[in-house]
file model_38.tsv (TSV, C-alpha atoms)
chain	number	residue	atom	x	y	z
A	295	MET	CA	-70.37	1.29	40.24
A	296	VAL	CA	-68.22	-1.17	38.35
A	297	PRO	CA	-64.72	0.14	37.58
A	298	ARG	CA	-63.63	0.20	33.75
A	299	PRO	CA	-60.49	-1.67	32.74
A	300	ALA	CA	-57.47	0.48	32.01
A	301	PHE	CA	-56.66	-0.23	28.29
A	302	GLY	CA	-54.74	2.96	27.57
A	303	SER	CA	-51.15	1.84	28.05
A	304	THR	CA	-51.73	-1.71	26.73
A	305	ALA	CA	-53.43	-0.50	23.55
A	306	MET	CA	-50.67	1.98	22.93
A	307	ALA	CA	-48.06	-0.76	23.19
A	308	PHE	CA	-50.00	-2.99	20.80
A	309	VAL	CA	-50.31	-0.26	18.21
A	310	MET	CA	-46.61	0.52	18.37
A	311	SER	CA	-45.69	-3.18	17.93
A	312	ALA	CA	-47.95	-3.49	14.92
A	313	ALA	CA	-46.42	-0.40	13.34
A	314	THR	CA	-42.95	-1.80	13.90
A	315	LEU	CA	-43.88	-5.12	12.25
A	316	LEU	CA	-45.44	-3.36	9.29
A	317	ALA	CA	-42.39	-1.22	8.82
A	318	ALA	CA	-40.08	-4.25	8.98
A	319	GLY	CA	-42.24	-6.13	6.51
A	320	GLY	CA	-42.15	-3.23	4.10
A	321	LEU	CA	-38.38	-2.98	4.42
A	322	ARG	CA	-38.03	-6.73	3.82
A	323	ALA	CA	-40.28	-6.56	0.79
A	324	GLU	CA	-38.25	-3.66	-0.56
A	325	GLN	CA	-35.00	-5.58	-0.03
A	326	THR	CA	-36.25	-8.77	-1.81
A	327	ALA	CA	-37.63	-7.00	-4.89
A	328	PRO	CA	-36.22	-8.58	-8.14
A	329	ALA	CA	-33.23	-6.83	-9.66
A	330	PRO	CA	-33.48	-5.61	-13.23
A	331	SER	CA	-32.61	-8.37	-15.81
A	332	ALA	CA	-29.00	-8.55	-17.06
A	333	PRO	CA	-28.29	-7.80	-20.74
A	334	PRO	CA	-27.87	-10.83	-23.07
A	335	ARG	CA	-24.41	-12.32	-23.10
A	336	PRO	CA	-22.12	-11.66	-26.10
A	337	VAL	CA	-21.76	-14.49	-28.62
A	338	VAL	CA	-18.98	-15.74	-30.89
A	339	SER	CA	-20.18	-15.39	-34.46
A	340	GLU	CA	-18.99	-14.78	-38.01
A	341	ILE	CA	-20.20	-12.62	-40.87
A	342	VAL	CA	-20.23	-14.93	-43.89
A	343	SER	CA	-18.96	-13.80	-47.27
A	344	PRO	CA	-17.35	-15.31	-50.36
A	345	GLN	CA	-13.66	-15.85	-49.77
A	346	ILE	CA	-12.27	-15.25	-53.24
A	347	SER	CA	-12.47	-11.93	-55.02
A	348	ASP	CA	-10.72	-10.15	-57.84
A	349	ALA	CA	-8.90	-7.87	-55.42
A	350	GLN	CA	-7.53	-10.71	-53.29
A	351	THR	CA	-3.88	-11.49	-53.97
A	352	TYR	CA	-1.25	-13.76	-52.46
A	353	ILE	CA	2.52	-13.92	-52.54
A	354	GLY	CA	3.89	-17.25	-53.71
A	355	THR	CA	7.29	-18.73	-54.44
A	356	MET	CA	8.71	-20.29	-57.57
A	357	VAL	CA	9.85	-23.80	-56.65
A	358	ALA	CA	10.89	-27.02	-58.32
A	359	ARG	CA	8.17	-29.62	-58.55
A	360	VAL	CA	10.77	-32.32	-57.91
A	361	GLU	CA	13.47	-31.77	-55.27
A	362	THR	CA	15.56	-34.79	-54.39
A	363	ASN	CA	17.89	-35.62	-51.51
A	364	LEU	CA	20.86	-37.48	-52.97
A	365	GLU	CA	23.00	-39.81	-50.88
A	366	PHE	CA	25.48	-42.67	-51.14
A	367	PRO	CA	24.19	-46.22	-50.58
A	368	LEU	CA	27.30	-47.07	-48.55
A	369	SER	CA	29.48	-45.53	-45.87
A	370	GLY	CA	32.80	-43.88	-46.53
A	371	THR	CA	34.78	-40.66	-46.65
A	372	VAL	CA	33.87	-37.91	-49.11
A	373	ALA	CA	36.94	-37.39	-51.30
A	374	ALA	CA	35.48	-34.64	-53.50
A	375	ARG	CA	32.38	-32.45	-53.78
A	376	PRO	CA	32.89	-30.16	-56.78
A	377	VAL	CA	29.48	-28.42	-56.54
A	378	GLU	CA	28.26	-25.65	-54.23
A	379	VAL	CA	24.84	-24.32	-53.30
A	380	GLY	CA	23.44	-22.62	-56.39
A	381	SER	CA	25.49	-24.65	-58.86
A	382	VAL	CA	23.65	-25.44	-62.10
A	383	VAL	CA	24.30	-29.03	-63.18
A	384	ARG	CA	23.35	-31.25	-66.09
A	385	LYS	CA	22.16	-34.82	-65.96
A	386	GLY	CA	25.13	-37.12	-65.35
A	387	ASP	CA	27.43	-34.47	-63.85
A	388	MET	CA	29.44	-35.58	-60.83
A	389	LEU	CA	28.17	-34.10	-57.57
A	390	ALA	CA	30.36	-35.90	-55.03
A	391	GLN	CA	32.70	-38.87	-54.76
A	392	LEU	CA	33.75	-41.21	-51.97
A	393	ASP	CA	37.36	-42.26	-51.39
A	394	PRO	CA	37.64	-45.23	-53.83
A	395	GLU	CA	40.71	-46.93	-52.30
A	396	LYS	CA	38.88	-49.67	-50.41
A	397	LEU	CA	36.33	-50.10	-53.19
A	398	ASP	CA	39.07	-50.50	-55.79
A	399	ALA	CA	40.69	-53.15	-53.61
A	400	ASP	CA	37.38	-55.02	-53.41
A	401	VAL	CA	37.05	-54.93	-57.19
A	402	TRP	CA	40.56	-56.34	-57.70
A	403	ALA	CA	39.90	-59.06	-55.14
A	404	ALA	CA	36.67	-59.99	-56.91
A	405	LYS	CA	38.47	-60.11	-60.26
A	406	ALA	CA	41.09	-62.43	-58.78
A	407	GLY	CA	38.31	-64.65	-57.49
A	408	VAL	CA	36.84	-64.88	-60.99
A	409	ILE	CA	40.22	-65.88	-62.45
A	410	VAL	CA	40.65	-68.62	-59.84
A	411	ALA	CA	37.12	-69.88	-60.49
A	412	GLN	CA	37.73	-69.94	-64.25
A	413	GLN	CA	40.88	-72.03	-63.74
A	414	GLY	CA	38.89	-74.40	-61.59
A	415	VAL	CA	36.25	-74.82	-64.26
A	416	THR	CA	38.94	-75.50	-66.87
A	417	SER	CA	40.60	-78.15	-64.70
A	418	ALA	CA	37.29	-79.80	-63.85
A	419	ARG	CA	36.24	-79.86	-67.50
A	420	ASP	CA	39.53	-81.45	-68.56
A	421	ALA	CA	39.19	-84.07	-65.81
A	422	ALA	CA	35.66	-84.91	-66.89
A	423	GLU	CA	36.76	-85.25	-70.55
A	424	ARG	CA	39.62	-87.64	-69.64
A	425	THR	CA	37.32	-89.74	-67.50
A	426	ARG	CA	34.78	-89.91	-70.33
A	427	GLU	CA	37.50	-91.12	-72.81
A	428	LEU	CA	38.76	-93.75	-70.37
A	429	LEU	CA	35.20	-94.96	-69.82
A	430	ALA	CA	34.77	-95.33	-73.57
A	431	ARG	CA	37.92	-97.52	-73.68
A	432	GLY	CA	36.72	-99.57	-70.75
A	433	ALA	CA	39.57	-98.40	-68.53
A	434	GLU	CA	37.32	-96.47	-66.14
A	435	ASP	CA	33.97	-97.16	-64.52
A	436	LYS	CA	30.84	-95.01	-64.72
A	437	ALA	CA	30.98	-93.95	-61.07
A	438	HIS	CA	34.24	-92.06	-61.65
A	439	LEU	CA	32.63	-90.22	-64.58
A	440	GLN	CA	29.69	-89.16	-62.43
A	441	GLU	CA	32.06	-87.87	-59.77
A	442	ALA	CA	34.03	-85.85	-62.35
A	443	GLU	CA	30.83	-84.35	-63.73
A	444	ARG	CA	29.73	-83.32	-60.22
A	445	ALA	CA	33.12	-81.64	-59.68
A	446	LEU	CA	32.67	-79.76	-62.96
A	447	ALA	CA	29.20	-78.57	-61.95
A	448	ALA	CA	30.57	-77.36	-58.60
A	449	ALA	CA	33.40	-75.47	-60.32
A	450	GLN	CA	30.92	-73.79	-62.68
A	451	ALA	CA	28.77	-72.75	-59.68
A	452	ARG	CA	31.84	-71.24	-58.00
A	453	LEU	CA	32.56	-69.31	-61.18
A	454	THR	CA	29.02	-67.96	-61.29
A	455	GLN	CA	29.32	-66.90	-57.65
A	456	ALA	CA	32.67	-65.19	-58.30
A	457	GLU	CA	31.26	-63.31	-61.28
A	458	ALA	CA	28.31	-62.12	-59.18
A	459	SER	CA	30.73	-60.90	-56.49
A	460	LEU	CA	32.68	-59.01	-59.14
A	461	ALA	CA	29.52	-57.39	-60.52
A	462	ARG	CA	28.49	-56.32	-57.00
A	463	ALA	CA	31.95	-54.88	-56.27
A	464	GLU	CA	31.91	-52.94	-59.55
A	465	ASP	CA	28.41	-51.62	-58.81
A	466	LEU	CA	29.54	-50.42	-55.40
A	467	ARG	CA	32.56	-48.82	-57.02
A	468	ASN	CA	30.27	-46.99	-59.44
A	469	THR	CA	27.95	-45.81	-56.65
A	470	ALA	CA	30.93	-44.17	-54.99
A	471	THR	CA	30.44	-41.41	-57.57
A	472	LEU	CA	27.24	-39.39	-56.99
A	473	ARG	CA	25.84	-38.07	-60.27
A	474	ALA	CA	22.93	-35.76	-61.07
A	475	PRO	CA	19.83	-37.75	-62.06
A	476	GLN	CA	18.44	-34.74	-63.96
A	477	ASP	CA	19.19	-31.15	-64.89
A	478	GLY	CA	18.87	-29.00	-61.79
A	479	ILE	CA	20.21	-26.56	-59.24
A	480	VAL	CA	21.96	-27.54	-56.03
A	481	THR	CA	19.86	-26.14	-53.17
A	482	ALA	CA	21.78	-27.71	-50.27
A	483	ALA	CA	25.16	-29.36	-49.74
A	484	PRO	CA	25.43	-30.20	-46.02
A	485	VAL	CA	28.51	-32.47	-46.33
A	486	GLU	CA	31.97	-31.10	-47.08
A	487	ALA	CA	34.86	-32.95	-48.69
A	488	GLY	CA	36.80	-35.00	-46.16
A	489	ALA	CA	33.76	-35.75	-43.99
A	490	ALA	CA	32.75	-39.30	-43.14
A	491	VAL	CA	29.20	-40.19	-44.18
A	492	SER	CA	26.96	-43.14	-43.47
A	493	ALA	CA	24.76	-44.94	-45.97
A	494	GLY	CA	21.64	-42.90	-46.71
A	495	GLN	CA	22.97	-39.61	-45.33
A	496	THR	CA	22.04	-36.62	-47.52
A	497	VAL	CA	25.06	-35.23	-49.34
A	498	VAL	CA	23.42	-32.92	-51.91
A	499	ARG	CA	19.86	-31.69	-52.45
A	500	LEU	CA	19.00	-31.14	-56.11
A	501	ALA	CA	16.01	-29.15	-57.42
A	502	GLY	CA	15.02	-30.10	-60.95
A	503	THR	CA	14.74	-27.24	-63.42
A	504	GLN	CA	12.56	-29.00	-66.00
A	505	ALA	CA	9.31	-28.97	-63.98
A	506	ARG	CA	8.62	-25.85	-61.92
A	507	GLU	CA	5.53	-24.52	-60.16
A	508	VAL	CA	4.29	-21.73	-57.92
A	509	THR	CA	3.30	-22.52	-54.34
A	510	ILE	CA	1.22	-20.40	-51.97
A	511	ASP	CA	0.18	-21.07	-48.37
A	512	LEU	CA	-3.53	-20.53	-47.65
A	513	THR	CA	-5.80	-21.01	-44.67
A	514	ASP	CA	-8.51	-23.67	-44.73
A	515	ARG	CA	-11.05	-20.89	-45.16
A	516	ASP	CA	-9.44	-19.69	-48.38
A	517	VAL	CA	-8.64	-23.16	-49.71
A	518	SER	CA	-12.19	-24.43	-49.23
A	519	ALA	CA	-13.46	-21.62	-51.47
A	520	LEU	CA	-11.24	-22.61	-54.42
A	521	PRO	CA	-13.02	-24.57	-57.18
A	522	PRO	CA	-10.95	-27.45	-58.62
A	523	ASP	CA	-10.41	-25.59	-61.92
A	524	THR	CA	-9.47	-22.20	-60.47
A	525	VAL	CA	-7.32	-20.09	-62.79
A	526	PHE	CA	-4.82	-17.60	-61.39
A	527	GLU	CA	-2.88	-14.76	-62.89
A	528	THR	CA	0.73	-14.63	-61.75
A	529	ALA	CA	3.18	-11.75	-61.99
A	530	LEU	CA	6.84	-11.56	-61.08
A	531	LEU	CA	7.07	-9.39	-57.98
A	532	ALA	CA	10.33	-7.85	-59.17
A	533	ASN	CA	8.84	-7.07	-62.60
A	534	PRO	CA	5.01	-6.96	-62.63
A	535	GLU	CA	5.02	-6.50	-66.41
A	536	ILE	CA	5.69	-10.23	-66.81
A	537	ARG	CA	2.39	-12.10	-66.34
A	538	VAL	CA	1.57	-15.77	-66.82
A	539	LYS	CA	-1.64	-17.72	-66.25
A	540	ALA	CA	-1.55	-20.64	-63.80
A	541	ARG	CA	-4.03	-23.33	-62.83
A	542	LEU	CA	-4.69	-25.04	-59.52
A	543	ARG	CA	-2.92	-28.42	-59.58
A	544	SER	CA	-3.21	-29.78	-56.05
A	545	VAL	CA	-3.59	-28.91	-52.37
A	546	ASP	CA	-1.58	-30.61	-49.64
A	547	PRO	CA	-3.93	-32.89	-47.66
A	548	VAL	CA	-2.25	-32.09	-44.32
A	549	ALA	CA	-1.94	-28.60	-42.85
A	550	ASP	CA	1.34	-27.29	-41.52
A	551	ARG	CA	1.55	-27.90	-37.76
A	552	THR	CA	2.96	-24.46	-37.01
A	553	THR	CA	1.05	-22.11	-39.30
A	554	ARG	CA	-2.07	-24.28	-39.80
A	555	THR	CA	-2.00	-23.42	-43.51
A	556	ARG	CA	-2.07	-25.70	-46.53
A	557	ARG	CA	0.33	-25.52	-49.46
A	558	VAL	CA	-1.38	-24.92	-52.78
A	559	HIS	CA	0.45	-25.95	-55.98
A	560	LEU	CA	-0.12	-24.02	-59.23
A	561	SER	CA	0.98	-25.19	-62.68
A	562	LEU	CA	2.13	-22.45	-65.06
A	563	GLU	CA	0.81	-22.43	-68.61
A	564	GLN	CA	4.15	-21.03	-69.80
A	565	MET	CA	7.63	-21.02	-68.32
A	566	PRO	CA	9.32	-17.61	-68.71
A	567	GLY	CA	13.06	-17.57	-68.20
A	568	THR	CA	12.67	-14.79	-65.63
A	569	TYR	CA	10.61	-17.07	-63.38
A	570	ARG	CA	13.67	-18.44	-61.63
A	571	LEU	CA	13.66	-20.77	-58.65
A	572	GLY	CA	13.09	-18.87	-55.44
A	573	ALA	CA	11.53	-15.83	-57.14
A	574	LEU	CA	8.55	-14.20	-55.40
A	575	ILE	CA	5.36	-14.35	-57.46
A	576	ARG	CA	2.19	-12.29	-56.99
A	577	VAL	CA	-0.86	-14.55	-57.43
A	578	SER	CA	-4.44	-13.37	-58.00
A	579	PRO	CA	-7.47	-15.60	-58.67
A	580	VAL	CA	-9.20	-14.84	-61.93
A	581	GLY	CA	-12.70	-13.60	-61.15
A	582	ASN	CA	-14.59	-15.76	-63.64
A	583	ALA	CA	-14.81	-18.63	-61.16
A	584	GLN	CA	-17.74	-18.38	-58.76
A	585	SER	CA	-16.80	-18.00	-55.12
A	586	HIS	CA	-18.21	-20.09	-52.28
A	587	ILE	CA	-19.49	-19.21	-48.85
A	588	THR	CA	-17.83	-21.20	-46.07
A	589	VAL	CA	-18.44	-21.42	-42.33
A	590	PRO	CA	-16.55	-23.15	-39.51
A	591	ALA	CA	-17.53	-26.78	-39.07
A	592	SER	CA	-18.39	-25.95	-35.45
A	593	ALA	CA	-21.26	-23.74	-36.70
A	594	VAL	CA	-23.10	-26.55	-38.53
A	595	ARG	CA	-25.54	-28.64	-36.50
A	596	HIS	CA	-26.93	-32.02	-37.56
A	597	ASP	CA	-30.19	-32.86	-35.77
A	598	GLU	CA	-32.31	-35.88	-36.80
A	599	GLY	CA	-31.52	-35.55	-40.47
A	600	ALA	CA	-31.79	-31.76	-40.54
A	601	VAL	CA	-28.72	-29.64	-41.16
A	602	TYR	CA	-28.84	-26.02	-40.08
A	603	VAL	CA	-26.93	-23.12	-38.58
A	604	TRP	CA	-28.02	-20.45	-36.11
A	605	ARG	CA	-28.51	-17.15	-37.93
A	606	ILE	CA	-28.57	-14.00	-35.82
A	607	ASP	CA	-30.98	-11.28	-36.91
A	608	ARG	CA	-29.69	-7.83	-36.05
A	609	PRO	CA	-30.20	-5.38	-34.45
A	610	ALA	CA	-32.65	-7.35	-32.27
A	611	GLY	CA	-30.15	-10.19	-31.81
A	612	VAL	CA	-32.75	-12.95	-32.30
A	613	LEU	CA	-31.56	-16.48	-33.05
A	614	HIS	CA	-33.27	-18.42	-35.87
A	615	LYS	CA	-32.61	-21.82	-37.41
A	616	ALA	CA	-31.37	-21.48	-40.98
A	617	PRO	CA	-31.47	-24.80	-42.91
A	618	VAL	CA	-28.40	-25.13	-45.14
A	619	LYS	CA	-27.01	-27.51	-47.74
A	620	PRO	CA	-23.38	-28.29	-46.87
A	621	GLY	CA	-20.78	-29.12	-49.48
A	622	ALA	CA	-17.26	-30.43	-49.22
A	623	ALA	CA	-15.35	-30.05	-45.98
A	624	LEU	CA	-11.73	-29.04	-45.84
A	625	GLY	CA	-10.00	-28.88	-42.51
A	626	ALA	CA	-12.06	-26.88	-40.02
A	627	ARG	CA	-14.42	-25.29	-42.57
A	628	VAL	CA	-17.40	-26.42	-44.65
A	629	ILE	CA	-18.65	-25.07	-47.97
A	630	ILE	CA	-22.30	-23.92	-47.81
A	631	LEU	CA	-24.00	-24.50	-51.15
A	632	SER	CA	-27.33	-22.89	-50.22
A	633	GLY	CA	-29.17	-21.41	-47.26
A	634	LEU	CA	-26.93	-18.43	-46.48
A	635	GLN	CA	-26.27	-15.11	-48.12
A	636	GLN	CA	-23.39	-12.72	-47.99
A	637	GLY	CA	-23.61	-10.61	-44.85
A	638	ASP	CA	-25.50	-13.16	-42.69
A	639	GLU	CA	-24.24	-13.46	-39.13
A	640	VAL	CA	-23.82	-17.07	-37.99
A	641	LEU	CA	-23.26	-18.37	-34.46
A	642	THR	CA	-20.00	-20.35	-34.38
A	643	LYS	CA	-19.66	-21.37	-30.72
A	644	GLY	CA	-22.20	-22.76	-28.25
A	645	ILE	CA	-24.65	-23.96	-30.92
A	646	HIS	CA	-25.97	-26.77	-28.69
A	647	SER	CA	-26.93	-24.54	-25.74
A	648	VAL	CA	-29.26	-22.05	-27.46
A	649	THR	CA	-32.91	-22.16	-28.57
A	650	ASP	CA	-34.89	-20.79	-31.47
A	651	GLY	CA	-35.99	-17.23	-30.81
A	652	GLN	CA	-33.47	-16.62	-28.05
A	653	ILE	CA	-32.09	-13.11	-27.67
A	654	VAL	CA	-28.30	-12.87	-27.74
A	655	GLY	CA	-25.92	-10.04	-27.12
A	656	THR	CA	-23.32	-8.31	-29.21
A	657	ARG	CA	-20.79	-10.10	-31.35
A	658	ALA	CA	-17.52	-10.95	-29.60
A	659	SER	CA	-14.24	-12.00	-31.19
A	660	GLU	CA	-12.85	-15.45	-30.48
call {"tool": "encode", "arguments": {"input": "model_38.tsv", "output": "structure tokens"}}
result
Amino acid sequence: MVPRPAFGSTAMAFVMSAATLLAAGGLRAEQTAPAPSAPPRPVVSEIVSPQISDAQTYIGTMVARVETNLEFPLSGTVAARPVEVGSVVRKGDMLAQLDPEKLDADVWAAKAGVIVAQQGVTSARDAAERTRELLARGAEDKAHLQEAERALAAAQARLTQAEASLARAEDLRNTATLRAPQDGIVTAAPVEAGAAVSAGQTVVRLAGTQAREVTIDLTDRDVSALPPDTVFETALLANPEIRVKARLRSVDPVADRTTRTRRVHLSLEQMPGTYRLGALIRVSPVGNAQSHITVPASAVRHDEGAVYVWRIDRPAGVLHKAPVKPGAALGARVIILSGLQQGDEVLTKGIHSVTDGQIVGTRASE
């Protein structure tokens, strides 16, 4: 009788090993299962809307359209400065004067030079006349006459030079008195009497009172929405009963480095006496001018002749290309003439790293 192989213990070991491998495989599969997808990342966007409305107001300042720094064209010591900050002056009034002692001495020296030159011309003319008479009598030759005439011409040239020196000295003497070039108000007087000044150093700052305007400081976003013929209504902050219409005159081409705002200049249709320099003025755009929608320049994409922005449809958060017609650019913003409506949400950052139909997250502030 042939004995049967003993498979009991070996089979049991094999079964246990297989169970262990299956359990490990299941655990590994459970550990490598994909994690649930992360929510879409927030985006930097902007809700577009017209920037000018009837309720929007600004605070401006009444300023002189022309404000001039006045200085002496030469160095010296300030002998007198009869005006102070706030002084009202008329055209031609004296504002400051240099010590005239040295200048007076120069004028007298120049006058003496003119007298000497005149005497020289007289002597040279007399000599030329005598030589001409002697030549006519045959007692003198022509060469001596030519020499006398050359001496006369040289004396006349010296006289002309002396007269020019006198005129220059008198001009310098006159410039030692600083006078108001127009009616105005002194807004600064940094140099006191007795101080030494150099040529070109500001002595008085004068604001003209004939031409005045209202200035306001606006962001590029607000400025880009102003039509060229925008009309404003102004009111004196201290007395709102006084109202005057104003019109947009100009916008500074360069923004202030600190505030990043641009100065807007408004011309008043009338000039009330209560609108004094430095007064605070409340300014409101008149609502008959149509407002514009603007977006940051970083939101506009130019791609093979097409111009568009990324519009975000809420609440799904789906990105779609929105073709637009851009208008004028001012600073960091662009006027959108068509393609967007009030209330549209536009992507402003990361416009080159997204695709049409992509899902984005909530709106985040910059």
call {"tool": "atom_distance", "arguments": {"input": "model_38.tsv", "atom1": "CA of Val379 in chain A", "atom2": "CA of His559 in chain A"}}
result
24.6 Å
call {"tool": "residues_around", "arguments": {"input": "model_38.tsv", "residues": "range 549-552 of chain A", "least_positions_apart": "2", "cutoff": "12 Å", "atoms": "only C-alpha atoms", "output": "JSON, numbers by chain"}}
result
{"A": [511, 512, 513, 514, 517, 545, 546, 547, 554, 555, 556, 557, 558, 624, 625, 626]}
call {"tool": "atom_distance", "arguments": {"input": "model_38.tsv", "atom1": "CA of Ile479 in chain A", "atom2": "CA of Ile575 in chain A"}}
result
19.3 Å
call {"tool": "closest_atom_pairs", "arguments": {"input": "model_38.tsv", "of": "range 331-379 of chain A", "to": "range 490-493 of chain A", "cutoff": "10 Å", "atoms": "all atoms listed in the file", "output": "Markdown table"}}
result
| residue | atom | partner | partner_atom | distance |
| --- | --- | --- | --- | --- |
| A:Glu365 | CA | A:Ala493 | CA | 7.3 |
| A:Phe366 | CA | A:Ala493 | CA | 5.7 |
| A:Pro367 | CA | A:Ala493 | CA | 4.8 |
| A:Leu368 | CA | A:Ala493 | CA | 4.2 |
| A:Ser369 | CA | A:Ser492 | CA | 4.2 |
| A:Gly370 | CA | A:Val491 | CA | 5.7 |
| A:Thr371 | CA | A:Ala490 | CA | 4.3 |
| A:Val372 | CA | A:Ala490 | CA | 6.2 |
| A:Ala373 | CA | A:Ala490 | CA | 9.4 |
call {"tool": "residues_near_point", "arguments": {"input": "model_38.tsv", "point": "(9.0, -8.7, -55.8)", "cutoff": "6 Å", "atoms": "all atoms listed in the file", "output": "list in words"}}
result
Leu531, Ala532 and Leu574 of chain A
call {"tool": "residues_around", "arguments": {"input": "model_38.tsv", "residues": "Ala403 in chain A", "least_positions_apart": "5", "cutoff": "9 Å", "atoms": "all atoms listed in the file", "output": "compact mmCIF listing (two decimals) with C-alpha atoms, in the frame of the given file"}}
result
# COMPACT_ATOMS: atom_id res chain seq x y z
CA ASP A 398 39.07 -50.50 -55.79
CA VAL A 408 36.84 -64.88 -60.99
CA LEU A 460 32.68 -59.01 -59.14
call {"tool": "closest_residue", "arguments": {"input": "model_38.tsv", "among": "A:Val357, A:Ala411, A:Leu389, A:Val525", "to": "Thr469 in chain A", "atoms": "all atoms listed in the file"}}
result
A:Leu389
call {"tool": "atom_distance", "arguments": {"input": "model_38.tsv", "atom1": "CA of Ile587 in chain A", "atom2": "CA of Arg537 in chain A"}}
result
28.9 Å
call {"tool": "residues_around", "arguments": {"input": "model_38.tsv", "residues": "Ala482 in chain A", "least_positions_apart": "4", "cutoff": "12 Å", "atoms": "only C-alpha atoms", "output": "list in words"}}
result
Glu361, Thr362, Asn363, Leu364, Val377, Glu378, Val379, Gly380, Ser381, Leu389, Gly478, Glu486, Thr496, Val497, Val498, Arg499, Leu500 and Ala501 of chain A
call {"tool": "write_last_selection", "arguments": {"input": "model_38.tsv", "atoms": "C-alpha atoms", "output": "PDB file, in the coordinates of the input"}}
result
ATOM      1  CA  GLU A 361      13.470 -31.770 -55.270  1.00  0.00           C
ATOM      2  CA  THR A 362      15.560 -34.790 -54.390  1.00  0.00           C
ATOM      3  CA  ASN A 363      17.890 -35.620 -51.510  1.00  0.00           C
ATOM      4  CA  LEU A 364      20.860 -37.480 -52.970  1.00  0.00           C
ATOM      5  CA  VAL A 377      29.480 -28.420 -56.540  1.00  0.00           C
ATOM      6  CA  GLU A 378      28.260 -25.650 -54.230  1.00  0.00           C
ATOM      7  CA  VAL A 379      24.840 -24.320 -53.300  1.00  0.00           C
ATOM      8  CA  GLY A 380      23.440 -22.620 -56.390  1.00  0.00           C
ATOM      9  CA  SER A 381      25.490 -24.650 -58.860  1.00  0.00           C
ATOM     10  CA  LEU A 389      28.170 -34.100 -57.570  1.00  0.00           C
ATOM     11  CA  GLY A 478      18.870 -29.000 -61.790  1.00  0.00           C
ATOM     12  CA  GLU A 486      31.970 -31.100 -47.080  1.00  0.00           C
ATOM     13  CA  THR A 496      22.040 -36.620 -47.520  1.00  0.00           C
ATOM     14  CA  VAL A 497      25.060 -35.230 -49.340  1.00  0.00           C
ATOM     15  CA  VAL A 498      23.420 -32.920 -51.910  1.00  0.00           C
ATOM     16  CA  ARG A 499      19.860 -31.690 -52.450  1.00  0.00           C
ATOM     17  CA  LEU A 500      19.000 -31.140 -56.110  1.00  0.00           C
ATOM     18  CA  ALA A 501      16.010 -29.150 -57.420  1.00  0.00           C
TER      19      ALA A 501
END
call {"tool": "closest_residue", "arguments": {"input": "model_38.tsv", "among": "A:Pro579, A:Gly414, A:Pro590, A:Gly502", "to": "Val628 in chain A", "atoms": "only C-alpha atoms"}}
result
A:Pro590
call {"tool": "closest_residue", "arguments": {"input": "model_38.tsv", "among": "A:Ala456, A:Val382, A:Ala390, A:Leu428", "to": "Val410 in chain A", "atoms": "only C-alpha atoms"}}
result
A:Ala456
call {"tool": "residues_near_point", "arguments": {"input": "model_38.tsv", "point": "(-17.5, -21.1, -27.6)", "cutoff": "12 Å", "atoms": "all atoms listed in the file", "output": "mmCIF file with C-alpha atoms, in the coordinates of the input"}}
result
data_model
loop_
_atom_site.group_PDB
_atom_site.id
_atom_site.type_symbol
_atom_site.label_atom_id
_atom_site.label_comp_id
_atom_site.auth_asym_id
_atom_site.auth_seq_id
_atom_site.Cartn_x
_atom_site.Cartn_y
_atom_site.Cartn_z
ATOM 1 C CA PRO A 336 -22.120 -11.660 -26.100
ATOM 2 C CA VAL A 337 -21.760 -14.490 -28.620
ATOM 3 C CA VAL A 338 -18.980 -15.740 -30.890
ATOM 4 C CA SER A 339 -20.180 -15.390 -34.460
ATOM 5 C CA SER A 592 -18.390 -25.950 -35.450
ATOM 6 C CA ALA A 593 -21.260 -23.740 -36.700
ATOM 7 C CA LEU A 641 -23.260 -18.370 -34.460
ATOM 8 C CA THR A 642 -20.000 -20.350 -34.380
ATOM 9 C CA LYS A 643 -19.660 -21.370 -30.720
ATOM 10 C CA GLY A 644 -22.200 -22.760 -28.250
ATOM 11 C CA ILE A 645 -24.650 -23.960 -30.920
ATOM 12 C CA HIS A 646 -25.970 -26.770 -28.690
ATOM 13 C CA SER A 647 -26.930 -24.540 -25.740
ATOM 14 C CA VAL A 648 -29.260 -22.050 -27.460
ATOM 15 C CA ALA A 658 -17.520 -10.950 -29.600
ATOM 16 C CA SER A 659 -14.240 -12.000 -31.190
ATOM 17 C CA GLU A 660 -12.850 -15.450 -30.480
#
call {"tool": "residues_around", "arguments": {"input": "model_38.tsv", "residues": "Arg605 in chain A", "least_positions_apart": "2", "cutoff": "12 Å", "atoms": "all atoms listed in the file", "output": "count of residues only"}}
result
39
call {"tool": "closest_residue", "arguments": {"input": "model_38.tsv", "among": "A:Leu631, A:Ala448, A:Ile606, A:Ala358", "to": "Lys619 in chain A", "atoms": "all atoms listed in the file"}}
result
A:Leu631
call {"tool": "closest_residue", "arguments": {"input": "model_38.tsv", "among": "A:Asn468, A:Ser417, A:Gln412, A:Thr528", "to": "Ala451 in chain A", "atoms": "all atoms listed in the file"}}
result
A:Gln412
call {"tool": "closest_residue", "arguments": {"input": "model_38.tsv", "among": "A:Arg467, A:Arg627, A:Arg431, A:Arg424", "to": "Ser518 in chain A", "atoms": "only C-alpha atoms"}}
result
A:Arg627
